[in-house]
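Next comes run.csv, with CSV, C-alpha atoms.
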```
chain,number,residue,atom,x,y,z
A,1,MET,CA,-84.1,19.5,71.5
A,2,LEU,CA,-84.2,17.6,68.2
A,3,LYS,CA,-85.8,14.3,68.0
A,4,PRO,CA,-83.4,11.4,66.9
A,5,LEU,CA,-85.2,10.9,63.6
A,6,ALA,CA,-85.1,14.6,62.7
A,7,ALA,CA,-81.4,14.8,63.6
A,8,SER,CA,-80.7,11.8,61.4
A,9,ALA,CA,-82.5,13.4,58.5
A,10,LEU,CA,-80.6,16.6,58.8
A,11,CYS,CA,-77.3,14.7,58.8
A,12,VAL,CA,-78.3,13.0,55.5
A,13,LEU,CA,-79.3,16.3,53.9
A,14,ALA,CA,-75.9,17.8,55.0
A,15,SER,CA,-74.1,14.8,53.5
A,16,CYS,CA,-72.6,13.9,56.9
A,17,SER,CA,-69.7,11.5,56.7
A,18,SER,CA,-66.8,10.3,58.9
A,19,GLU,CA,-64.6,10.1,55.8
A,20,PRO,CA,-62.8,13.3,54.6
A,21,ALA,CA,-64.0,14.6,51.2
A,22,ARG,CA,-61.8,13.5,48.3
A,23,GLN,CA,-59.7,16.2,46.8
A,24,PRO,CA,-59.6,16.4,43.0
A,25,THR,CA,-56.4,15.0,41.5
A,26,ALA,CA,-54.3,17.8,40.0
A,27,PRO,CA,-53.5,17.3,36.3
A,28,PRO,CA,-49.8,16.6,35.5
A,29,PRO,CA,-47.8,19.6,34.4
A,30,PRO,CA,-47.3,20.3,30.7
A,31,SER,CA,-44.7,18.0,29.1
A,32,CYS,CA,-42.9,21.0,27.7
A,33,GLN,CA,-42.2,24.4,29.3
A,34,GLY,CA,-40.1,27.4,28.6
A,35,THR,CA,-37.1,28.2,30.7
A,36,SER,CA,-33.8,30.1,30.7
A,37,PHE,CA,-30.2,29.4,31.7
A,38,GLU,CA,-27.3,31.8,31.7
A,39,GLY,CA,-29.3,34.3,29.7
A,40,VAL,CA,-30.4,31.9,26.9
A,41,SER,CA,-34.0,30.7,26.4
A,42,PHE,CA,-34.7,27.0,26.2
A,43,THR,CA,-37.7,24.7,25.9
A,44,HIS,CA,-37.5,21.8,28.3
A,45,CYS,CA,-39.6,18.7,27.8
A,46,VAL,CA,-39.7,15.7,30.2
A,47,ALA,CA,-40.6,12.0,29.6
A,48,VAL,CA,-41.6,10.2,32.8
A,49,PRO,CA,-41.4,6.4,33.0
A,50,GLY,CA,-44.9,5.0,33.5
A,51,ARG,CA,-46.5,8.1,32.1
A,52,HIS,CA,-44.8,8.1,28.7
A,53,GLY,CA,-43.5,5.8,26.1
A,54,ILE,CA,-40.6,6.5,23.7
A,55,ARG,CA,-40.3,5.5,20.1
A,56,THR,CA,-37.9,6.2,17.3
A,57,VAL,CA,-39.2,6.7,13.7
A,58,VAL,CA,-37.8,7.6,10.3
A,59,GLY,CA,-40.9,7.2,8.2
A,60,PRO,CA,-44.0,5.1,7.8
A,61,LYS,CA,-43.5,1.3,7.4
A,62,GLY,CA,-42.3,0.7,3.9
A,63,GLY,CA,-42.4,4.4,3.0
A,64,GLN,CA,-40.0,7.2,2.6
A,65,PRO,CA,-38.6,9.2,5.5
A,66,TYR,CA,-40.9,11.8,7.0
A,67,ARG,CA,-38.2,14.5,6.8
A,68,SER,CA,-40.3,16.9,9.0
A,69,LEU,CA,-42.3,16.9,12.2
A,70,SER,CA,-45.3,18.3,10.3
A,71,GLN,CA,-45.3,15.3,8.0
A,72,LEU,CA,-45.0,13.0,11.0
A,73,ALA,CA,-48.1,14.8,12.6
A,74,VAL,CA,-50.1,14.4,9.3
A,75,ASP,CA,-49.2,10.7,8.8
A,76,ARG,CA,-49.6,9.4,12.3
A,77,PRO,CA,-51.3,6.0,11.9
A,78,ASP,CA,-54.9,5.6,13.1
A,79,ARG,CA,-55.3,4.6,16.7
A,80,SER,CA,-51.8,5.8,17.6
A,81,ALA,CA,-51.1,6.8,21.1
A,82,PRO,CA,-51.5,10.6,21.7
A,83,VAL,CA,-48.2,12.4,21.2
A,84,ALA,CA,-46.8,14.4,24.2
A,85,PHE,CA,-44.0,15.8,22.1
A,86,ALA,CA,-41.5,14.8,19.4
A,87,MET,CA,-38.0,16.0,18.5
A,88,ASN,CA,-35.4,15.3,15.8
A,89,GLY,CA,-33.1,12.6,17.1
A,90,GLY,CA,-29.8,11.8,15.6
A,91,MET,CA,-27.4,12.5,12.7
A,92,PHE,CA,-28.5,11.4,9.2
A,93,ASP,CA,-27.5,11.2,5.6
A,94,ALA,CA,-28.7,13.1,2.5
A,95,GLU,CA,-31.7,10.8,2.2
A,96,GLY,CA,-32.8,11.2,5.8
A,97,GLY,CA,-31.5,7.8,7.0
A,98,PRO,CA,-29.5,7.4,10.2
A,99,ILE,CA,-25.7,7.3,9.9
A,100,GLY,CA,-25.2,5.6,13.3
A,101,TYR,CA,-26.8,2.9,15.4
A,102,TYR,CA,-30.6,2.9,15.0
A,103,VAL,CA,-33.4,0.6,16.3
A,104,GLU,CA,-37.1,1.1,15.7
A,105,ASP,CA,-39.7,-1.1,17.2
A,106,GLY,CA,-37.1,-3.7,18.1
A,107,GLU,CA,-35.7,-3.9,14.6
A,108,LYS,CA,-32.2,-2.8,13.9
A,109,GLY,CA,-31.9,-0.5,11.0
A,110,LYS,CA,-28.2,0.5,11.3
A,111,SER,CA,-25.2,-0.9,13.2
A,112,LEU,CA,-23.1,1.1,15.6
A,113,ASN,CA,-20.8,3.6,13.8
A,114,THR,CA,-17.3,3.7,15.4
A,115,ASN,CA,-15.6,5.4,12.5
A,116,GLU,CA,-13.4,8.4,13.0
A,117,GLY,CA,-14.0,11.5,10.9
A,118,PHE,CA,-15.0,15.2,10.9
A,119,GLY,CA,-18.1,16.9,12.3
A,120,ASN,CA,-20.0,16.8,15.6
A,121,PHE,CA,-20.9,13.1,15.3
A,122,HIS,CA,-17.3,12.2,15.3
A,123,LEU,CA,-16.3,14.5,18.2
A,124,LEU,CA,-15.6,11.4,20.3
A,125,PRO,CA,-16.9,10.1,22.5
A,126,ASN,CA,-20.3,10.1,20.9
A,127,GLY,CA,-23.2,8.1,22.3
A,128,VAL,CA,-26.4,6.1,22.1
A,129,PHE,CA,-29.8,7.0,23.6
A,130,PHE,CA,-31.9,3.8,23.9
A,131,GLY,CA,-34.4,2.0,26.0
A,132,ASP,CA,-37.4,-0.3,26.2
A,133,THR,CA,-41.2,0.0,26.2
A,134,ASN,CA,-41.3,-0.4,30.0
A,135,GLY,CA,-39.7,3.0,30.6
A,136,LYS,CA,-36.1,2.0,31.3
A,137,TRP,CA,-34.1,4.6,29.2
A,138,GLN,CA,-30.4,5.0,29.1
A,139,ILE,CA,-27.6,7.1,27.5
A,140,ARG,CA,-24.1,5.5,27.1
A,141,THR,CA,-21.0,6.4,25.2
A,142,SER,CA,-20.8,4.4,22.0
A,143,THR,CA,-17.8,2.5,23.4
A,144,ASP,CA,-19.6,1.6,26.6
A,145,PHE,CA,-22.7,0.6,24.6
A,146,GLU,CA,-20.7,-1.7,22.3
A,147,GLN,CA,-19.0,-3.4,25.3
A,148,SER,CA,-21.9,-3.6,27.7
A,149,VAL,CA,-25.2,-3.8,25.9
A,150,HIS,CA,-25.8,-7.2,24.4
A,151,ASP,CA,-29.6,-7.3,24.1
A,152,ARG,CA,-31.2,-5.3,21.4
A,153,PRO,CA,-33.3,-2.4,22.8
A,154,ASP,CA,-36.8,-1.5,21.7
A,155,PHE,CA,-35.5,1.8,20.4
A,156,GLY,CA,-32.1,3.4,19.9
A,157,THR,CA,-30.4,6.2,18.1
A,158,GLN,CA,-26.7,7.1,18.0
A,159,SER,CA,-25.6,10.8,17.9
A,160,GLY,CA,-22.8,12.9,19.1
A,161,PRO,CA,-21.0,14.3,20.8
A,162,MET,CA,-21.9,13.3,24.3
A,163,LEU,CA,-22.5,16.5,26.4
A,164,VAL,CA,-22.2,15.0,29.9
A,165,ILE,CA,-20.4,11.8,30.8
A,166,ASP,CA,-20.8,10.4,34.3
A,167,GLY,CA,-21.3,13.8,35.6
A,168,ASN,CA,-18.5,15.5,33.7
A,169,LEU,CA,-18.6,17.7,30.7
A,170,HIS,CA,-17.3,16.3,27.4
A,171,PRO,CA,-13.5,16.9,27.6
A,172,LYS,CA,-13.3,18.4,24.1
A,173,ILE,CA,-16.1,20.9,24.5
A,174,ASP,CA,-15.2,24.5,25.2
A,175,PRO,CA,-16.9,26.1,28.2
A,176,ASP,CA,-18.5,28.7,26.0
A,177,GLY,CA,-17.3,28.4,22.4
A,178,LYS,CA,-17.9,30.8,19.6
A,179,SER,CA,-20.0,28.4,17.6
A,180,LEU,CA,-23.6,29.5,18.4
A,181,LYS,CA,-26.5,27.5,16.9
A,182,LEU,CA,-30.0,26.3,17.7
A,183,ARG,CA,-29.2,23.0,19.4
A,184,ASN,CA,-31.0,20.1,21.1
A,185,GLY,CA,-30.1,17.2,23.3
A,186,VAL,CA,-31.4,14.6,25.7
A,187,GLY,CA,-30.3,13.6,29.2
A,188,ILE,CA,-31.3,11.0,31.8
A,189,ASP,CA,-31.5,12.0,35.5
A,190,ASN,CA,-31.1,9.7,38.5
A,191,LYS,CA,-34.8,9.0,38.6
A,192,GLY,CA,-34.8,7.6,35.1
A,193,ARG,CA,-36.6,10.6,33.5
A,194,ALA,CA,-35.6,11.6,30.0
A,195,HIS,CA,-35.1,15.4,29.6
A,196,PHE,CA,-35.3,16.8,26.1
A,197,VAL,CA,-34.0,20.3,25.6
A,198,ILE,CA,-34.0,22.6,22.6
A,199,SER,CA,-32.6,26.1,22.6
A,200,ASP,CA,-34.9,28.8,21.4
A,201,GLU,CA,-31.9,30.9,20.3
A,202,PRO,CA,-28.4,30.1,19.3
A,203,VAL,CA,-26.3,28.5,22.1
A,204,SER,CA,-22.9,27.1,22.6
A,205,PHE,CA,-22.1,23.4,23.2
A,206,GLY,CA,-20.7,24.3,26.6
A,207,LYS,CA,-23.8,26.2,27.8
A,208,LEU,CA,-26.2,23.4,26.7
A,209,ALA,CA,-24.0,20.8,28.4
A,210,ARG,CA,-23.9,22.8,31.7
A,211,TYR,CA,-27.7,23.2,31.6
A,212,PHE,CA,-28.0,19.4,31.6
A,213,ARG,CA,-25.4,18.9,34.3
A,214,ASP,CA,-26.1,21.8,36.6
A,215,THR,CA,-29.8,22.5,36.4
A,216,LEU,CA,-31.4,19.2,35.2
A,217,LYS,CA,-28.8,17.1,37.2
A,218,CYS,CA,-28.3,14.6,34.4
A,219,PRO,CA,-25.2,12.5,34.8
A,220,ASN,CA,-25.3,11.6,31.1
A,221,ALA,CA,-26.6,13.7,28.2
A,222,LEU,CA,-26.3,13.4,24.5
A,223,PHE,CA,-26.3,16.1,21.7
A,224,LEU,CA,-28.9,15.3,19.1
A,225,ASP,CA,-28.3,18.0,16.5
A,226,GLY,CA,-27.8,21.6,15.7
A,227,SER,CA,-29.2,24.1,13.1
A,228,VAL,CA,-32.0,21.6,12.2
A,229,SER,CA,-33.2,21.3,15.8
A,230,SER,CA,-37.0,21.0,15.9
A,231,LEU,CA,-39.8,20.3,18.3
A,232,TRP,CA,-43.4,19.2,18.0
A,233,ASP,CA,-45.3,20.2,21.1
A,234,PRO,CA,-49.1,19.5,20.5
A,235,GLU,CA,-50.2,20.9,23.8
A,236,HIS,CA,-48.9,24.4,22.9
A,237,GLY,CA,-49.6,24.2,19.2
A,238,ARG,CA,-45.9,24.2,18.2
A,239,VAL,CA,-44.6,22.4,15.1
A,240,ASP,CA,-41.2,23.7,14.0
A,241,GLY,CA,-40.4,23.8,10.4
A,242,GLY,CA,-37.0,24.4,8.7
A,243,PRO,CA,-34.4,22.1,7.2
A,244,ARG,CA,-35.2,18.5,6.4
A,245,LEU,CA,-34.8,16.0,9.2
A,246,GLY,CA,-33.7,12.4,9.7
A,247,PRO,CA,-34.6,10.1,12.6
A,248,LEU,CA,-37.3,11.4,15.0
A,249,ILE,CA,-37.9,10.7,18.7
A,250,VAL,CA,-41.6,10.5,19.6
A,251,VAL,CA,-42.7,10.6,23.2
A,252,GLU,CA,-46.2,9.2,23.6
A,253,LYS,CA,-48.7,9.5,26.4
A,254,ARG,CA,-49.5,6.1,28.0
A,255,THR,CA,-53.1,5.2,28.8
A,256,LYS,CA,-54.3,3.0,31.6
A,257,ALA,CA,-54.6,0.2,29.1
A,258,ASP,CA,-50.9,0.4,28.5
A,259,THR,CA,-49.9,0.1,32.1
```

Using structure tokens, write down the structure that the file contains.
Amino acid sequence: MLKPLAASALCVLASCSSEPARQPTAPPPPSCQGTSFEGVSFTHCVAVPGRHGIRTVVGPKGGQPYRSLSQLAVDRPDRSAPVAFAMNGGMFDAEGGPIGYYVEDGEKGKSLNTNEGFGNFHLLPNGVFFGDTNGKWQIRTSTDFEQSVHDRPDFGTQSGPMLVIDGNLHPKIDPDGKSLKLRNGVGIDNKGRAHFVISDEPVSFGKLARYFRDTLKCPNALFLDGSVSSLWDPEHGRVDGGPRLGPLIVVEKRTKADT
């Protein structure tokens, strides 16, 4: 029979404790992952409120537009938050400036564009992706935005057409039209997460819209662009090149100091 002192010593050596051992916290999943839908390959990236912040940028303060994700990567200011991913984010003119509503760091660079015309942007209803630094992100049709949003957001970009409106596909989009291009868009789910999707091969408007509605369960989703669609995914070493870009959406990792 062990003496009390010896038993106590053995307990210390064995690290006896009435508390269960703490399990290591699993790292969050990658922000961007490959997937497929109806036979088409996509890359799906998620921004989570509290974990990420979202900004819109055209170029450095007082400078010319970046026009590419690689230039954005090179010119990131010192002490900037680490980038989770970035994507082109809205229609633009020949100089790379936005043609629709645009807000960067709370400063409005362009008013809401309600003009009629040709092209994807004017396939009404189009819409606005916007939000604040606290992680409240929204997508509204441009008409709804004009009537309902009276306070300037921290960021915002207008593009079009809408892909999903209150759970319904855009009424003017064919279920699977003949126009197949690289395309990207953004949707907001019922938990407030922002889902960014870029096709890795040509895809129709209808198939992209159904992916947002049926798989990602986003009641509202907005088309960002086609043919020029590009992604910067630092975690996987991806920086798409190609045609020159306009406004960019940057999703940054938030640190404990930010929360």

Report task. Would you kindly identify which residues have an atom no farther than 10 Å from (-39.1, 20.2, 16.1), using only C-alpha atoms and the file's own coordinates, and write them out as a VMD selection string? Result -> chain A and resid 68 to 70 85 to 89 184 198 228 to 233 238 to 242 245 248 to 249

Can I get the residues of range 95-152 of chain A within 12 Å of range 158-180 of chain A, each with the closest pair of atoms and their distance in Å to one decimal, using all atoms listed in the file, sorted chain first then ascending number, as JSON lines?
```
{"residue": "A:Pro98", "atom": "CA", "partner": "A:Gln158", "partner_atom": "CA", "distance": 8.3}
{"residue": "A:Ile99", "atom": "CA", "partner": "A:Gln158", "partner_atom": "CA", "distance": 8.2}
{"residue": "A:Gly100", "atom": "CA", "partner": "A:Gln158", "partner_atom": "CA", "distance": 5.2}
{"residue": "A:Tyr101", "atom": "CA", "partner": "A:Gln158", "partner_atom": "CA", "distance": 4.9}
{"residue": "A:Tyr102", "atom": "CA", "partner": "A:Gln158", "partner_atom": "CA", "distance": 6.5}
{"residue": "A:Val103", "atom": "CA", "partner": "A:Gln158", "partner_atom": "CA", "distance": 9.5}
{"residue": "A:Gly109", "atom": "CA", "partner": "A:Gln158", "partner_atom": "CA", "distance": 11.6}
{"residue": "A:Lys110", "atom": "CA", "partner": "A:Gln158", "partner_atom": "CA", "distance": 9.5}
{"residue": "A:Ser111", "atom": "CA", "partner": "A:Gln158", "partner_atom": "CA", "distance": 9.4}
{"residue": "A:Leu112", "atom": "CA", "partner": "A:Gln158", "partner_atom": "CA", "distance": 7.4}
{"residue": "A:Asn113", "atom": "CA", "partner": "A:Gln158", "partner_atom": "CA", "distance": 8.0}
{"residue": "A:Thr114", "atom": "CA", "partner": "A:Gln158", "partner_atom": "CA", "distance": 10.3}
{"residue": "A:Phe118", "atom": "CA", "partner": "A:Gly160", "partner_atom": "CA", "distance": 11.5}
{"residue": "A:Gly119", "atom": "CA", "partner": "A:Gly160", "partner_atom": "CA", "distance": 9.2}
{"residue": "A:Asn120", "atom": "CA", "partner": "A:Pro161", "partner_atom": "CA", "distance": 5.9}
{"residue": "A:Phe121", "atom": "CA", "partner": "A:Gly160", "partner_atom": "CA", "distance": 4.3}
{"residue": "A:His122", "atom": "CA", "partner": "A:Gly160", "partner_atom": "CA", "distance": 6.7}
{"residue": "A:Leu123", "atom": "CA", "partner": "A:Pro161", "partner_atom": "CA", "distance": 5.4}
{"residue": "A:Leu124", "atom": "CA", "partner": "A:Pro161", "partner_atom": "CA", "distance": 6.1}
{"residue": "A:Pro125", "atom": "CA", "partner": "A:Pro161", "partner_atom": "CA", "distance": 6.1}
{"residue": "A:Asn126", "atom": "CA", "partner": "A:Gly160", "partner_atom": "CA", "distance": 4.2}
{"residue": "A:Gly127", "atom": "CA", "partner": "A:Gln158", "partner_atom": "CA", "distance": 5.6}
{"residue": "A:Val128", "atom": "CA", "partner": "A:Gln158", "partner_atom": "CA", "distance": 4.2}
{"residue": "A:Phe129", "atom": "CA", "partner": "A:Gln158", "partner_atom": "CA", "distance": 6.4}
{"residue": "A:Phe130", "atom": "CA", "partner": "A:Gln158", "partner_atom": "CA", "distance": 8.5}
{"residue": "A:Gln138", "atom": "CA", "partner": "A:Gln158", "partner_atom": "CA", "distance": 11.9}
{"residue": "A:Ile139", "atom": "CA", "partner": "A:Met162", "partner_atom": "CA", "distance": 9.0}
{"residue": "A:Arg140", "atom": "CA", "partner": "A:Ile165", "partner_atom": "CA", "distance": 8.2}
{"residue": "A:Thr141", "atom": "CA", "partner": "A:Met162", "partner_atom": "CA", "distance": 7.0}
{"residue": "A:Ser142", "atom": "CA", "partner": "A:Gln158", "partner_atom": "CA", "distance": 7.6}
{"residue": "A:Thr143", "atom": "CA", "partner": "A:Gln158", "partner_atom": "CA", "distance": 11.4}
{"residue": "A:Asp144", "atom": "CA", "partner": "A:Ile165", "partner_atom": "CA", "distance": 11.1}
{"residue": "A:Phe145", "atom": "CA", "partner": "A:Gln158", "partner_atom": "CA", "distance": 10.1}
{"residue": "A:Glu146", "atom": "CA", "partner": "A:Gln158", "partner_atom": "CA", "distance": 11.5}
```

Query raised in the report: Hey, can you check how far CA of Phe37 in chain A sits from CA of His195 in chain A?
Result: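 Between these atoms lies a distance of 15.0 Å.
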
Within 7 Å of Val203 in chain A, counting all atoms listed in the file, which residues show up once you throw out same-chain ones fewer than 3 positions away? Write them as a compact mmCIF listing (two decimals) with C-alpha atoms, in the coordinates of the input, please.
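After the write, result.txt holds the following:
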```
# COMPACT_ATOMS: atom_id res chain seq x y z
CA LEU A 180 -23.60 29.50 18.40
CA LYS A 181 -26.50 27.50 16.90
CA LEU A 182 -30.00 26.30 17.70
CA ARG A 183 -29.20 23.00 19.40
CA SER A 199 -32.60 26.10 22.60
CA LYS A 207 -23.80 26.20 27.80
CA LEU A 208 -26.20 23.40 26.70
```

**Report entry** Atom pair CA of Ala84 in chain A / CA of Gly156 in chain A: separation (Å)
**Finding:**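 Distance reported for this atom pair: 18.9 Å.
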
Requested in this report: Calculate how many Å separate CA of Lys61 in chain A from CA of Phe223 in chain A, rounding to one decimal.
Outcome: 26.8 Å

May I have a table of the residues of range 22-141 of chain A lying at most 10 Å from range 211-218 of chain A, giving each one's closest pair of atoms and their distance in Å to one decimal, counting all atoms listed in the file, ordered by chain and ascending residue number, as CSV?
```
residue,atom,partner,partner_atom,distance
A:Ser36,CA,A:Tyr211,CA,9.3
A:Phe37,CA,A:Tyr211,CA,6.7
A:Glu38,CA,A:Tyr211,CA,8.6
A:Phe42,CA,A:Tyr211,CA,9.6
A:His44,CA,A:Leu216,CA,9.6
```

Mind dumping the selected residues with C-alpha atoms as a compact mmCIF listing (two decimals), in the frame of the given file?
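selection-v3.txt, freshly written:
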```txt
# COMPACT_ATOMS: atom_id res chain seq x y z
CA SER A 36 -33.80 30.10 30.70
CA PHE A 37 -30.20 29.40 31.70
CA GLU A 38 -27.30 31.80 31.70
CA PHE A 42 -34.70 27.00 26.20
CA HIS A 44 -37.50 21.80 28.30
```
